[in-house]
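> Structure provided below as structure tokens; questions to follow.
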Amino acid sequence: MSRRKYDFLKMKPGQEVWFGDYDEPEEDFGKITYPEEIIGKTCGECVRCEKRDHAYMETAAEGYHCSMQSYSVDIQPTDKACVRYWDKAEHERIEKAQEEAKEKRREELWAIYAKREPIKLPIIHDGYGLIPECPICGEMPYSTEQCHWCGQRFIQDKEIEEYNKPEGGTMDCWNCGGKDTIEYKVSKYNGHRRGRCKNCGLTFME
């Protein structure tokens, strides 16, 4: 069953569908793993076995660690699995099935709503900042031209034109001392600035 099966309770006036109204494969995160089930299993077959991608304290930026232990504790993919074993193959199978179910739902809605005439796209304040909201499915559309989820097209009026205008600028870099080497953009959602220095590669967000 869909993870969002209760979202119908939150549908707004005028909203026609809820994207999450579809059957979705679920993973049993509360499943108990018994010792006899992990006989012959290895850490490398477990979701929790992760390859290090950066150094930590005295630990080199290589090798493997278990997400249930300290980052500095070394493990090997060939080590015997423990009772915290989480089947990676099964987890990836369910994730793939979930993505396929989501894409099937998109195709169903696009077949209906992508053919309709463009409508007004509201820009709302969700309590944190300004954001577009598709009036058909209630999702953030990821585009001001057409909803990524249901396919509904939107009128390109002055409000949308103003919303799409980029905001940003340049500033001096406090790391390398470069003058106007940081190019930044201002989020329309919450006003945060995000940028990168083209001289030394420094990145920031505030």
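In the structure tokens, chains take the letters A, B, ... in the order shown, each chain's residues start at 1, and ligands count up from 1 in the order shown.
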Tell me which protein, DNA and RNA residues are within 6 Å of stretch 85-95 of chain A, counting only C-alpha atoms, leaving out same-chain ones fewer than 4 positions away, and put them as a PyMOL selection string.
chain A and resi 45-47+81
> Could you please write out, as number ranges by chain, every residue of chain A that DSSP assigns to alpha helix (DSSP H)?
A: 88-113, 158-164
> Among stretch 32-198 of chain A, which ones does DSSP assign to strand (DSSP E) (computed from the backbone)? Answer as a PyMOL selection string.
chain A and resi 49-51+64-66+123-125+130-132+168-171+182-186+193-197
> Using only C-alpha atoms, find the one residue out of A:Pro25, A:Gly14, A:Gly40, A:Pro132 that sits nearest to A:Lys102.
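Checking each of A:Pro25, A:Gly14, A:Gly40, A:Pro132 against A:Lys102, counting only C-alpha atoms, the winner is A:Pro25.
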> May I have the residues within 9 Å of A:Cys137 as a VMD selection string, using only C-alpha atoms and disregarding those fewer than 4 positions away in the same chain?
chain A and resid 11 15 to 19 133 141 147 149 to 150 152
